[in-house]
Amino acid sequence: AGGVRLEDYQPAPYTIDRVDLNIRLAPKATRVSARLAIRRGDNTAPGTALVLDGDDLKLTGLLLDGSALTFQDYEASPNRLEIPAPPSEPFVLEISTELDPDANTKLMGLYRSQGTYCTQCEAQGFRRITYFLDRPDVLAVYSTRIEARKGEAPVLLGNGNLIETGDVAGTDRHFAIWHDPHPKPSYLFALVAGDLARVPGEFTTASGREVELGIYVEHGNEDQCGWAMDSLKRSMRWDEKAFGREYDLDVFNIVAVSDFNMGAMENKGLNIFNDKYILADPDTATDQDYANIEAVIAHEYFHNWTGNRITCRDWFQLCLKEGLTVFRDQEFSADERSRPVKRISDVRLLKSHQFPEDAGPLAHPVRPRFYQEINNFYTATVYEKGAEVVRMIKTLLGEQAFRAGMDLFFERHDGGATTVEAFLDCFRDASNEDLDQFALWYEQAGTPTITVKSDYDSKAKVFTLSFSQSVPPTPRQADKKPMTIPVRFALVGEDGSDLAYETVSGVEVKGDVLKLQAPEHKVTISGVNERPIPSLLRGFSAPVILESDISEEDYLHLAARDGDPFNRWQALQTVALSSLTAGMEAARDGAAIEVDGLLVHALGTVAEDESLDPAFRALALQLPAEADIAREIGSDVDPDAVAAARNHLRRTIAREKGASFARLYESLEIDGPYSPDAASAGVRALRNTLLEYLAHSGADGDAERVRDHFAKADNMTDRLAGLTQLVHARLEGAEDALAAYYERHSTHPLAIDKWLTVQATDGHPEALEKVRALTAHPAFSFANPNRLRALVGAFATGNQTQFNRADGAGFDFVADTVLALDEKNPQVAARLLSAFRSWRALEATRRKLAENALRRVAEKADLSRDVKDIAERSLQ
Ligand code: HT7
Ligand code: ZN
């Protein structure tokens, strides 16, 4: 019952052209007056009821064209305002509501974070501020007057440009009026008011517009904004060069708040960020934090065109802005840093987050057709797989036609709210490519598998690749159609070079891309002068699982010589995964785990290969995570056996390569002050990856090395790496290091989050008790999403053995946390519950215990829609 269906979409019966807001802020009684200029839609019969959305609202006044309405003229509840018979000509509705920002623990709508008033309106938060047609296809021009006590909120920020400021005569209050000339949906509305410090910047656009930039943070944090400001300016320039998109207001403000449900929000001209994605200095932020800040700043900025100037017609089209914008931010980071390293990192993330989602009960298409609660669809599938789909369009069309399609999209849809179909039409019209079958990527859930068998006829010099594809059944989608799958390929020869060939038949080919479209293709390649090793899916040209008959020996050849760095990395991962799967089986059966000597040798060779980028070597040396091994196994997973196999392999590599890794580790010390640039971050990544092996080598002196690494670190990247190894390898000095770290960083909540996470992700059986105890630590706060994710979220998603404990205590702890949190913040509670997404793949005992925990959640009375939806779908 309930829920929203794509096929039920109808244009809004009324349009709201202008919104004039007057918001008088007070912590417990904020008064909002909204003057809405409303017009009947062209296809709406006169007298059609006007129904506005609300959520937990208190109506305090209602005027229609200046006159008070009587009780017969409207029906109001906290969740709805209906005018049964509005005028047929344009009219003005003036709605007054009263809000309690201090009581808003959901962090949706207007709330206070550390005393700062701020808003979050995507997806449906505006209806918690005033009654409205709160849907993305209703675009209006907004003016916002914000008023507050001067002492409480000297800074008043809104969307668009600042028009006027002044004092409210005879009071201790002041006001600011902001006007945003660009029509926008309500989800992009924002205001911020508080006592904040401003870090200024400026940017001149390609056409000469002077833009004032401002980053607002709590006083004392100003010196942690330099990287964010630099990232913003680089993003603005990049969008001009890469997509021809300029900024379109005189002001661009960013505010960092410490209580935020997600990463950041692209409100027009006033982005609001989780402070985790703004604040950085070498002492408290890691290289990964710096990279994340750069990516999230870019992402939100790029939304100004893909999301704001062109928005979504309805929430089913979420990937239209999110998948596309993730693609854009990934391209930006690839241009700013190393492209292959960025691609490997992105694919690792896709495989570790999106592939399990697609393989479990929460699987859904990139463009879903049904939802109970839209907040639960801000998923890895919509974002990450959505980005892969855009990347495949580029792969299939080529660089120029892709850019032409994007230009056409901006030209056709600027100022509008549109759909995935309209987006695809632009590429079809710009390239003449038929994208009808390709559109299935938006419709069909589940990760396709392509299976390939190869054969070389040395006499005829013909190489054959026999492909078949299948898409697994997913909830409510039993039968799947074949998809368009672009397979970028090369034939790698003995010396590692790409071999020449004459013709390719049996499939459509464009350059080095095979376009699979049928359930099976027999691809024949002629003129191949030596036995080749196929390098398939170069650059991960499609988000699929590849099963091939390529031997381990050939994969190791690719690992050593493939001209495509992504496939070098992938080849090592493939070999490591098959070795770890075999190791897991041995561990499960109580047999001795055998280690693959060729793999150990290959890893040692990559580590030493100075012709390779250190960042790449670091990634190549990192073994697949326990969750990745579990995903590979797919069913009846015993997480303890998985961990045993992985630990055994890591220990063996550490023992066999320890001496050379130690020498290499010593040679990589960086002189001079910390810099977050990609090259130095790469060296640190390699050094810290080697440190992990050294922590497990058992050799004399290595534990001391780890203690020294921690103690002498002059930056957070190294300090955290040292702490993690001391704690996770249970080396002497771990407790002292935890205490020293806490002492040093106790006043910096984001640094304390790392301290919580290190302890939450320790695979030791005591971890759960520790995590429980930490929930009572003064540094922990149940109400703060960052703290909660750092401790309980990290335990549930980053501690495979302890969350999936055989006694079910890990499941119970997370389920209890979800139930308690649901009363305060359903959105964050629902996200935490999705940590159960792979429960069906567990072995029988754990499966039953996980199911019991999920049922206990699902059966609780008065659950939020958010948690109920995740619990019910997980159990389907
Ligand atoms: N577009 C933003 C999504 C978002 C959000 C959604 C629901 C609840 C809270 C939220 N905060 C931000 C972020 C983005 O993808 O850019
Ligand atoms: Zn986004």
# chains A, B, ... in the order shown; residues from 1 in each chain; ligands from 1
>>> residues_around(residues="A:Arg772", least_positions_apart="5", cutoff="10 Å", atoms="only C-alpha atoms", output="PyMOL selection string")
chain A and resi 760+767+777+791-792+813
>>> residues_near_ligand(ligand="ligand 2", cutoff="7 Å", atoms="only C-alpha atoms and all ligand atoms", output="PyMOL selection string")
chain A and resi 299-300+303+321-322+325-326
>>> write_last_selection(atoms="C-alpha atoms", output="PDB file, in the first residue's frame")
ATOM      1  CA  HIS A 299      30.349  17.631  -7.419  1.00  0.00           C
ATOM      2  CA  GLU A 300      28.183  20.264  -5.728  1.00  0.00           C
ATOM      3  CA  HIS A 303      25.289  20.541  -9.991  1.00  0.00           C
ATOM      4  CA  LYS A 321      21.394  14.849 -11.990  1.00  0.00           C
ATOM      5  CA  GLU A 322      23.298  12.518  -9.648  1.00  0.00           C
ATOM      6  CA  THR A 325      27.235  14.858 -11.828  1.00  0.00           C
ATOM      7  CA  VAL A 326      29.221  11.974 -10.330  1.00  0.00           C
TER       8      VAL A 326
END
>>> residues_around(residues="A:Ala76", least_positions_apart="3", cutoff="10 Å", atoms="only C-alpha atoms", output="CSV table (one decimal) with C-alpha atoms, in the first residue's frame")
chain,number,residue,atom,x,y,z
A,51,VAL,CA,-3.4,20.5,-2.6
A,52,LEU,CA,-0.1,21.6,-1.0
A,54,GLY,CA,3.3,19.8,4.3
A,57,LEU,CA,3.6,22.0,10.0
A,58,LYS,CA,1.7,24.4,12.3
A,59,LEU,CA,-0.4,26.8,10.2
A,71,PHE,CA,-12.7,27.5,7.7
A,79,ASN,CA,0.9,17.3,6.4
A,80,ARG,CA,-1.5,18.9,3.9
A,81,LEU,CA,-3.2,22.1,3.0
A,82,GLU,CA,-6.1,22.0,0.6
A,83,ILE,CA,-8.0,24.8,-1.0
A,131,TYR,CA,3.0,24.3,2.6
>>> residues_near_ligand(ligand="ligand 1", cutoff="6 Å", atoms="only C-alpha atoms and all ligand atoms", output="ChimeraX atom specification")
/A:122-123,261-262,264-266,300,322,375
>>> write_last_selection(atoms="N, CA and C atoms", output="compact mmCIF listing (two decimals), in the first residue's frame")
# COMPACT_ATOMS: atom_id res chain seq x y z
N GLU A 122 16.35 19.05 0.01
CA GLU A 122 16.24 17.86 -0.84
C GLU A 122 16.05 16.64 0.07
N ALA A 123 15.18 15.74 -0.25
CA ALA A 123 14.28 15.80 -1.37
C ALA A 123 12.97 16.51 -0.99
N ASN A 261 22.96 15.23 7.33
CA ASN A 261 22.62 13.83 7.05
C ASN A 261 23.47 13.20 5.96
N MET A 262 23.90 14.02 4.99
CA MET A 262 24.67 13.43 3.87
C MET A 262 25.99 14.19 3.74
N ALA A 264 26.85 16.78 1.27
CA ALA A 264 26.74 18.21 0.96
C ALA A 264 25.49 18.42 0.13
N MET A 265 25.15 19.71 -0.08
CA MET A 265 23.91 20.00 -0.81
C MET A 265 24.12 21.20 -1.73
N GLU A 266 23.64 21.04 -2.96
CA GLU A 266 23.93 21.99 -4.03
C GLU A 266 22.96 23.17 -4.12
N GLU A 300 29.27 19.31 -6.03
CA GLU A 300 28.18 20.26 -5.73
C GLU A 300 28.24 21.44 -6.68
N GLU A 322 22.25 13.07 -10.51
CA GLU A 322 23.30 12.52 -9.65
C GLU A 322 24.31 11.67 -10.42
N ASN A 375 14.01 9.18 0.09
CA ASN A 375 15.33 9.31 0.75
C ASN A 375 16.14 8.03 0.67
>>> select_by_dssp(residues="stretch 362-455 of chain A", states="helix (DSSP H, G or I)", output="NGL selection string")
:A and (374-377 or 380-397 or 399-413 or 420-431 or 440-443)
>>> write_last_selection(atoms="C-alpha atoms", output="PDB file, in the first residue's frame")
ATOM      1  CA  ILE A 374      12.591   8.711  -1.854  1.00  0.00           C
ATOM      2  CA  ASN A 375      15.328   9.312   0.749  1.00  0.00           C
ATOM      3  CA  ASN A 376      16.199   5.634   0.452  1.00  0.00           C
ATOM      4  CA  PHE A 377      17.076   6.029  -3.229  1.00  0.00           C
ATOM      5  CA  ALA A 380      25.279   3.661  -4.921  1.00  0.00           C
ATOM      6  CA  THR A 381      23.142   2.448  -7.828  1.00  0.00           C
ATOM      7  CA  VAL A 382      21.692   5.879  -8.630  1.00  0.00           C
ATOM      8  CA  TYR A 383      25.002   7.679  -8.074  1.00  0.00           C
ATOM      9  CA  GLU A 384      27.813   5.289  -8.986  1.00  0.00           C
ATOM     10  CA  LYS A 385      26.143   2.991 -11.496  1.00  0.00           C
ATOM     11  CA  GLY A 386      24.393   6.099 -12.848  1.00  0.00           C
ATOM     12  CA  ALA A 387      27.844   7.585 -13.540  1.00  0.00           C
ATOM     13  CA  GLU A 388      28.979   4.373 -15.236  1.00  0.00           C
ATOM     14  CA  VAL A 389      26.003   4.539 -17.563  1.00  0.00           C
ATOM     15  CA  VAL A 390      26.974   8.064 -18.646  1.00  0.00           C
ATOM     16  CA  ARG A 391      30.575   6.902 -19.102  1.00  0.00           C
ATOM     17  CA  MET A 392      29.346   4.074 -21.364  1.00  0.00           C
ATOM     18  CA  ILE A 393      27.493   6.613 -23.519  1.00  0.00           C
ATOM     19  CA  LYS A 394      30.798   8.417 -23.977  1.00  0.00           C
ATOM     20  CA  THR A 395      32.584   5.136 -24.749  1.00  0.00           C
ATOM     21  CA  LEU A 396      29.989   4.178 -27.356  1.00  0.00           C
ATOM     22  CA  LEU A 397      29.708   7.584 -29.008  1.00  0.00           C
ATOM     23  CA  GLU A 399      34.547  12.011 -27.227  1.00  0.00           C
ATOM     24  CA  GLN A 400      33.233  14.455 -29.822  1.00  0.00           C
ATOM     25  CA  ALA A 401      29.711  13.110 -30.210  1.00  0.00           C
ATOM     26  CA  PHE A 402      29.439  12.828 -26.437  1.00  0.00           C
ATOM     27  CA  ARG A 403      30.337  16.502 -26.029  1.00  0.00           C
ATOM     28  CA  ALA A 404      27.907  17.430 -28.832  1.00  0.00           C
ATOM     29  CA  GLY A 405      25.167  15.505 -26.997  1.00  0.00           C
ATOM     30  CA  MET A 406      25.941  17.278 -23.736  1.00  0.00           C
ATOM     31  CA  ASP A 407      25.920  20.673 -25.482  1.00  0.00           C
ATOM     32  CA  LEU A 408      22.552  19.834 -26.962  1.00  0.00           C
ATOM     33  CA  PHE A 409      21.245  18.796 -23.547  1.00  0.00           C
ATOM     34  CA  PHE A 410      22.277  22.167 -22.061  1.00  0.00           C
ATOM     35  CA  GLU A 411      20.807  24.036 -25.017  1.00  0.00           C
ATOM     36  CA  ARG A 412      17.493  22.193 -25.085  1.00  0.00           C
ATOM     37  CA  HIS A 413      16.748  21.853 -21.422  1.00  0.00           C
ATOM     38  CA  VAL A 420      16.254  10.382 -18.695  1.00  0.00           C
ATOM     39  CA  GLU A 421      14.522   9.884 -22.066  1.00  0.00           C
ATOM     40  CA  ALA A 422      15.083  13.532 -22.992  1.00  0.00           C
ATOM     41  CA  PHE A 423      18.736  13.181 -21.990  1.00  0.00           C
ATOM     42  CA  LEU A 424      19.209  10.122 -24.210  1.00  0.00           C
ATOM     43  CA  ASP A 425      17.424  11.868 -27.080  1.00  0.00           C
ATOM     44  CA  CYS A 426      20.152  14.520 -27.069  1.00  0.00           C
ATOM     45  CA  PHE A 427      22.852  11.891 -27.635  1.00  0.00           C
ATOM     46  CA  ARG A 428      20.810  10.154 -30.278  1.00  0.00           C
ATOM     47  CA  ASP A 429      20.221  13.434 -32.103  1.00  0.00           C
ATOM     48  CA  ALA A 430      23.857  14.477 -31.818  1.00  0.00           C
ATOM     49  CA  SER A 431      25.248  11.155 -33.033  1.00  0.00           C
ATOM     50  CA  LEU A 440      17.862  -0.760 -20.529  1.00  0.00           C
ATOM     51  CA  TRP A 441      20.794   0.282 -18.321  1.00  0.00           C
ATOM     52  CA  TYR A 442      18.334   2.664 -16.670  1.00  0.00           C
ATOM     53  CA  GLU A 443      15.563   0.083 -16.417  1.00  0.00           C
TER      54      GLU A 443
END
>>> residues_around(residues="stretch 340-357 of chain A", least_positions_apart="3", cutoff="8 Å", atoms="only C-alpha atoms", output="list in words")
Gln330, Ser333, Ala334, Arg337, Gly360, Pro361, Leu362, Ala363, Ala380, Thr381, Glu384, Lys385, Thr447, Gly539, Phe540, Pro565, Phe566, Trp569, Ala615, Phe616, Leu619, Ala627, Asp628, Arg631, Arg837 and Ser838 of chain A
>>> closest_residue(among="A:Arg24, A:Arg617, A:Lys459, A:Lys241", to="A:Leu686", atoms="only C-alpha atoms")
A:Arg617
>>> closest_residue(among="A:Gly415, A:Gly682, A:Pro543, A:Gly763", to="A:Gly798", atoms="only C-alpha atoms")
A:Gly763
>>> atom_distance(atom1="atom CA of A:Asn852", atom2="atom CA of A:Thr105")
28.6 Å
